[in-house]
There are 2 protein chains.
Amino acid sequence: MKKHNFSAGPAILPATVFEQAADAVRDLDGIGLSILEISHRSAEFKAILAEAQQSVKDLLGIGDEFDVLFLTGGASSQFYMTAMNLLDNDETAGYVDTGTWSAKAIKEAERFGNIVKLASSKEDNYTYVPKGFDIPDDMKYVHITSNNTVFGTEFHALPDTKVPFVADMSSNIFSRPIDTSRYDLIYAGAQKNLGPAGVTLVIVRKGVAGKLKREIPTMLNYETHIAKDSAFNTPPTYPIYVCLLTMRWIKAQGGVAAMAAHNDKKAKLVYDEIDANPLFEGTTKVEDRSRMNATFVAKDDAHTAPFLEACAAANISGIKGHRSVGGFRASIYNAMPMESVQVLVDVMRDFAAKNA
Amino acid sequence: MKKHNFSAGPAILPATVFEQAADAVRDLDGIGLSILEISHRSAEFKAILAEAQQSVKDLLGIGDEFDVLFLTGGASSQFYMTAMNLLDNDETAGYVDTGTWSAKAIKEAERFGNIVKLASSKEDNYTYVPKGFDIPDDMKYVHITSNNTVFGTEFHALPDTKVPFVADMSSNIFSRPIDTSRYDLIYAGAQKNLGPAGVTLVIVRKGVAGKLKREIPTMLNYETHIAKDSAFNTPPTYPIYVCLLTMRWIKAQGGVAAMAAHNDKKAKLVYDEIDANPLFEGTTKVEDRSRMNATFVAKDDAHTAPFLEACAAANISGIKGHRSVGGFRASIYNAMPMESVQVLVDVMRDFAAKNA
């Protein structure tokens, strides 16, 4: 029986994507070969890569002002690659510290150029997104983590500045429309809204990379991958293919605007229950709540283990909170159906009825 | 109808692996979740990763004197990571230049430490493997590309030295037993004998990494991945799973010794035909011929296109040679069945009978 998968990542993908992704491992579109065994230089894979790149552009409403790359190494590799490629030793970039991943991004970027921490909510265990801080106009870029998977907060508006943004969108890309004109670079580990683990999406504005004096190993230089259209070396072919299947699904649902409407409804359902239920409470400022990762705890810790058991009994998987927050985390990415969120809410209500 | 896949990589995997790999995308071992959606911190994936690491050790006959890492970025990323992690600025390493990938490894390593080219067959278009060159005892390591996928040559014996080897084994790992005592580090892009594209195996002797004064970004430091047992960040979960399935298959066949016996037979079948057939000739020195990639050309170039057509008509895929060599390349990795090699040989004979 299929589980309700609330895992924070790798995470649920659309049911139809799993079916198509399994079929292609047996035989890709009837060509007599598995997707796993075809050359990355084959006509079939070239078409997959090109459609995947175009789908990213279509979903974000961007054109040739950006290059779309499918790399590897996760957001963790982009933490240093962004600064390594965009920031010279005598240049300054601003970073907003909103959680575990922001802090790691800052640590890695500090090896390259001058990194200024613009604001941080660390002293309050990252329960909110800082606002109203000053951003000097001469910064090269401002780095944000658009959604904080661990702590369950999200930027619902960009800070006010003319400085371009560099954003880690690993856990909320394609979950709503964004104003791409404000970004120089967007990156995302695939394993939440985009696809399976093993591929990292990098969207970089033309003319932004390749300007530094710094010597960069070939594979770490964005210019290498831009020049070879994301196929300098063997790309992670199957993860890219599954991303394409997922993007086809998003398009078929009506694109990111449709995703946003659906995500808002799912988030409202779960947060309304968190607020109404006498046994639970949210862990973040209400106005900064993530639409992707709803974090909450039992008011009485004695209820934590029994509630996890009740979830398991209802076929709910991956609901345990991150150790930095404790309690529970319901990750409700694009592919999470309303029906599964309803199952969770029903378990919460039932648990309260029996234990309140 | 299933094609005979002679692609150089991504490449053929065992038929049973494709079946199992497809099933797991639908549902992993009946747990109610796809392999694509389970957390890398789940008990299920931890077991997969641990079995994959142990399988590498079992197949190579090594123990805890090595750490086994499943990273990303391909051999192309190991070209700089090996030198970055093993060679200080005032240290010297020797490199043997036996083809396209060796030359790239040299170029990337030159950013770190003192790189000496010990020998090269470039002047003869890499048609042989250099032998009998001098290796100074004070070198930190000697780097070789154990099999040259593009040119179809292979090291059948290691150069005589007490200096430890660092080897790119992307295209012949697990194809035969090796003397692991002579290596400090072995790396391999998965997409030939090991699994699908998207994961890179790194086997590093304990105590070899983490000794340098150089500052290294966290994700590029072997020590990071060793300390976190290859799960510092989200690893490429599905590619690792397919590698595990492939290694289970190799074990079930009798391990690398059985692979070697089978590979020798397949290579003999195709090379015997190349040598006997009046229309074709091999492109490398006979004693350095690769058991993985058999390169050959038509003696009369007018036969090249018609032979490719004859192959296509016989359901043979991926036989066209690399542009650096021309002609044809039959990649006959571990998973290639004898029956498919026989089909190729039959097409060669038939082509000669009709055109000689």
# chains A, B, ... in the order shown; residues from 1 in each chain; ligands from 1
$ residues_around --residues "region 45-59 of chain A" --least-positions-apart "6" --cutoff "7 Å" --atoms "only C-alpha atoms" --output "list in words"
Val68, Tyr241, Leu244, Met247, Gly255 and Val256 of chain A
$ select_by_dssp --residues "region 65-303 of chain A" --states "strand (DSSP E)" --output "ChimeraX atom specification"
/A:66-71,92-97,114-120,142-145,147-148,153-154,165-168,183-189,200-205,280-282,293-298
$ write_last_selection --atoms "N, CA and C atoms" --output "short mmCIF file (atom, residue, chain, number, x, y, z; two decimals), in the first residue's frame"
data_model
loop_
_atom_site.label_atom_id
_atom_site.label_comp_id
_atom_site.auth_asym_id
_atom_site.auth_seq_id
_atom_site.Cartn_x
_atom_site.Cartn_y
_atom_site.Cartn_z
N PHE A 66 19.02 33.94 -19.52
CA PHE A 66 19.59 33.01 -18.54
C PHE A 66 20.10 31.74 -19.24
N ASP A 67 21.15 31.14 -18.66
CA ASP A 67 21.56 29.79 -19.04
C ASP A 67 21.06 28.82 -17.98
N VAL A 68 20.63 27.65 -18.44
CA VAL A 68 20.10 26.63 -17.53
C VAL A 68 21.06 25.43 -17.53
N LEU A 69 21.59 25.12 -16.35
CA LEU A 69 22.56 24.03 -16.22
C LEU A 69 22.05 22.96 -15.26
N PHE A 70 22.30 21.71 -15.62
CA PHE A 70 22.00 20.60 -14.72
C PHE A 70 23.34 20.02 -14.26
N LEU A 71 23.76 20.40 -13.06
CA LEU A 71 25.06 19.97 -12.53
C LEU A 71 24.86 18.94 -11.43
N THR A 92 32.39 42.45 -2.41
CA THR A 92 31.57 42.15 -1.23
C THR A 92 30.21 41.61 -1.63
N ALA A 93 29.76 40.58 -0.93
CA ALA A 93 28.40 40.06 -1.10
C ALA A 93 27.73 39.99 0.26
N GLY A 94 26.40 40.19 0.27
CA GLY A 94 25.64 40.13 1.51
C GLY A 94 24.88 38.82 1.62
N TYR A 95 24.87 38.24 2.82
CA TYR A 95 24.16 36.98 3.04
C TYR A 95 23.15 37.15 4.16
N VAL A 96 21.97 36.58 3.97
CA VAL A 96 20.96 36.58 5.02
C VAL A 96 20.95 35.20 5.66
N ASP A 97 21.12 35.16 6.97
CA ASP A 97 21.27 33.89 7.69
C ASP A 97 19.93 33.48 8.28
N ASN A 114 34.67 39.08 0.13
CA ASN A 114 34.28 39.63 1.43
C ASN A 114 32.79 39.36 1.67
N ILE A 115 32.49 38.53 2.65
CA ILE A 115 31.12 38.12 2.91
C ILE A 115 30.58 38.86 4.14
N VAL A 116 29.49 39.59 3.96
CA VAL A 116 28.86 40.34 5.06
C VAL A 116 27.54 39.69 5.42
N LYS A 117 27.38 39.37 6.70
CA LYS A 117 26.11 38.82 7.16
C LYS A 117 25.15 39.99 7.39
N LEU A 118 24.14 40.11 6.54
CA LEU A 118 23.24 41.26 6.58
C LEU A 118 22.26 41.18 7.74
N ALA A 119 21.83 39.98 8.05
CA ALA A 119 20.85 39.79 9.12
C ALA A 119 20.81 38.32 9.46
N SER A 120 20.36 38.00 10.68
CA SER A 120 20.29 36.60 11.11
C SER A 120 19.19 36.42 12.15
N VAL A 142 23.18 39.66 -3.22
CA VAL A 142 22.65 39.28 -1.91
C VAL A 142 22.19 37.83 -2.00
N HIS A 143 22.69 37.01 -1.07
CA HIS A 143 22.32 35.59 -1.07
C HIS A 143 21.22 35.31 -0.05
N ILE A 144 20.18 34.63 -0.52
CA ILE A 144 19.13 34.18 0.40
C ILE A 144 18.85 32.70 0.18
N THR A 145 18.33 32.07 1.22
CA THR A 145 17.77 30.72 1.13
C THR A 145 16.26 30.93 1.11
N ASN A 147 13.59 29.20 1.00
CA ASN A 147 12.75 28.40 1.91
C ASN A 147 13.68 27.61 2.80
N ASN A 148 13.38 27.62 4.10
CA ASN A 148 14.26 26.97 5.07
C ASN A 148 13.65 25.63 5.50
N THR A 153 10.51 28.01 7.60
CA THR A 153 10.20 29.41 7.26
C THR A 153 10.49 29.65 5.78
N GLU A 154 9.95 30.75 5.28
CA GLU A 154 10.05 31.02 3.84
C GLU A 154 10.03 32.53 3.62
N PHE A 165 19.88 39.27 -6.61
CA PHE A 165 19.88 38.15 -5.66
C PHE A 165 20.55 36.91 -6.26
N VAL A 166 21.17 36.16 -5.38
CA VAL A 166 21.58 34.78 -5.63
C VAL A 166 20.79 33.96 -4.63
N ALA A 167 20.03 32.98 -5.10
CA ALA A 167 19.12 32.29 -4.18
C ALA A 167 19.25 30.78 -4.25
N ASP A 168 19.29 30.18 -3.06
CA ASP A 168 19.15 28.73 -2.92
C ASP A 168 17.65 28.44 -2.83
N TYR A 183 16.97 38.37 -9.96
CA TYR A 183 17.99 37.36 -9.64
C TYR A 183 19.12 37.33 -10.68
N ASP A 184 20.34 37.16 -10.19
CA ASP A 184 21.47 36.86 -11.08
C ASP A 184 21.67 35.36 -11.20
N LEU A 185 21.35 34.64 -10.14
CA LEU A 185 21.57 33.20 -10.14
C LEU A 185 20.62 32.52 -9.16
N ILE A 186 20.06 31.42 -9.61
CA ILE A 186 19.18 30.59 -8.77
C ILE A 186 19.73 29.17 -8.82
N TYR A 187 19.83 28.54 -7.67
CA TYR A 187 20.24 27.13 -7.68
C TYR A 187 19.31 26.30 -6.80
N ALA A 188 19.29 25.01 -7.09
CA ALA A 188 18.37 24.13 -6.36
C ALA A 188 18.83 22.68 -6.48
N GLY A 189 19.06 22.06 -5.33
CA GLY A 189 19.17 20.61 -5.33
C GLY A 189 17.80 20.07 -5.75
N THR A 200 21.57 18.96 -9.74
CA THR A 200 21.46 20.30 -9.15
C THR A 200 21.18 21.29 -10.27
N LEU A 201 20.08 21.98 -10.16
CA LEU A 201 19.72 22.98 -11.17
C LEU A 201 20.42 24.30 -10.87
N VAL A 202 21.07 24.88 -11.88
CA VAL A 202 21.68 26.20 -11.74
C VAL A 202 21.20 27.06 -12.90
N ILE A 203 20.59 28.18 -12.56
CA ILE A 203 20.08 29.11 -13.57
C ILE A 203 20.87 30.40 -13.41
N VAL A 204 21.66 30.74 -14.41
CA VAL A 204 22.59 31.87 -14.25
C VAL A 204 22.37 32.90 -15.36
N ARG A 205 22.25 34.14 -14.94
CA ARG A 205 22.03 35.23 -15.91
C ARG A 205 23.25 35.37 -16.82
N PHE A 280 -1.23 20.73 19.71
CA PHE A 280 -0.05 21.08 18.90
C PHE A 280 0.13 22.59 18.80
N GLU A 281 1.35 22.99 18.45
CA GLU A 281 1.59 24.40 18.15
C GLU A 281 2.69 24.51 17.10
N GLY A 282 2.60 25.57 16.28
CA GLY A 282 3.62 25.83 15.26
C GLY A 282 4.90 26.30 15.92
N ASN A 293 7.25 23.28 4.12
CA ASN A 293 7.60 22.48 5.29
C ASN A 293 6.91 23.07 6.51
N ALA A 294 5.84 22.42 6.97
CA ALA A 294 5.10 22.91 8.14
C ALA A 294 5.68 22.24 9.38
N THR A 295 6.33 23.05 10.22
CA THR A 295 6.94 22.51 11.44
C THR A 295 6.03 22.77 12.63
N PHE A 296 5.87 21.77 13.47
CA PHE A 296 5.03 21.93 14.67
C PHE A 296 5.48 20.93 15.73
N VAL A 297 5.09 21.22 16.96
CA VAL A 297 5.47 20.35 18.09
C VAL A 297 4.24 20.05 18.93
N ALA A 298 4.34 19.01 19.73
CA ALA A 298 3.31 18.75 20.74
C ALA A 298 3.54 19.69 21.92
#
$ interface_residues --of "chain A" --to "chain B" --cutoff "7 Å" --atoms "only C-alpha atoms" --output "PyMOL selection string"
chain A and resi 1-3+7+9-13+18-19+21-23+25-26+32-33+36-40+72-73+76-77+80+108+196-198+217+219+234-237
$ residues_around --residues "region 341-346 of chain B" --least-positions-apart "5" --cutoff "8 Å" --atoms "only C-alpha atoms" --output "list in words"
Lys266, Leu269, Val270, Glu273, Cys311, Ala314, Ile316, Ile332 and Met336 of chain B
$ select_by_dssp --residues "region 107-325 of chain B" --states "helix (DSSP H, G or I)" --output "JSON, numbers by chain"
{"B": [107, 108, 109, 122, 123, 124, 180, 181, 182, 218, 219, 220, 222, 223, 224, 225, 226, 227, 237, 238, 239, 240, 241, 242, 243, 244, 245, 246, 247, 248, 249, 250, 251, 252, 253, 255, 256, 257, 258, 259, 260, 261, 262, 263, 264, 265, 266, 267, 268, 269, 270, 271, 272, 273, 274, 275, 276, 286, 287, 288, 301, 302, 303, 304, 305, 306, 307, 308, 309, 310, 311, 312, 313]}
$ atom_distance --atom1 "CA of Arg182 (chain B)" --atom2 "CA of Gly61 (chain B)"
13.2 Å
$ atom_distance --atom1 "CA of Gly132 (chain B)" --atom2 "CA of Phe151 (chain B)"
20.6 Å
$ atom_distance --atom1 "CA of Met348 (chain B)" --atom2 "CA of Asp124 (chain B)"
27.1 Å
$ closest_residue --among "A:Ser121, A:Thr82, A:Gly113, A:Asn334" --to "Ala209 (chain A)" --atoms "only C-alpha atoms"
A:Thr82
$ residues_around --residues "Leu86 (chain A)" --least-positions-apart "6" --cutoff "8 Å" --atoms "only C-alpha atoms" --output "PyMOL selection string"
chain A and resi 208-212
$ write_last_selection --atoms "N, CA and C atoms" --output "PDB file, in the first residue's frame"
ATOM      1  N   VAL A 208      27.009  37.184 -16.210  1.00  0.00           N
ATOM      2  CA  VAL A 208      27.321  37.295 -14.786  1.00  0.00           C
ATOM      3  C   VAL A 208      28.565  36.459 -14.422  1.00  0.00           C
ATOM      4  N   ALA A 209      28.687  35.275 -15.013  1.00  0.00           N
ATOM      5  CA  ALA A 209      29.841  34.411 -14.722  1.00  0.00           C
ATOM      6  C   ALA A 209      30.992  34.733 -15.682  1.00  0.00           C
ATOM      7  N   GLY A 210      32.174  34.241 -15.345  1.00  0.00           N
ATOM      8  CA  GLY A 210      33.324  34.363 -16.242  1.00  0.00           C
ATOM      9  C   GLY A 210      34.006  35.716 -16.224  1.00  0.00           C
ATOM     10  N   LYS A 211      33.778  36.493 -15.179  1.00  0.00           N
ATOM     11  CA  LYS A 211      34.335  37.850 -15.124  1.00  0.00           C
ATOM     12  C   LYS A 211      35.504  37.990 -14.153  1.00  0.00           C
ATOM     13  N   LEU A 212      35.834  36.935 -13.438  1.00  0.00           N
ATOM     14  CA  LEU A 212      36.784  37.074 -12.330  1.00  0.00           C
ATOM     15  C   LEU A 212      38.223  36.819 -12.755  1.00  0.00           C
TER      16      LEU A 212
END
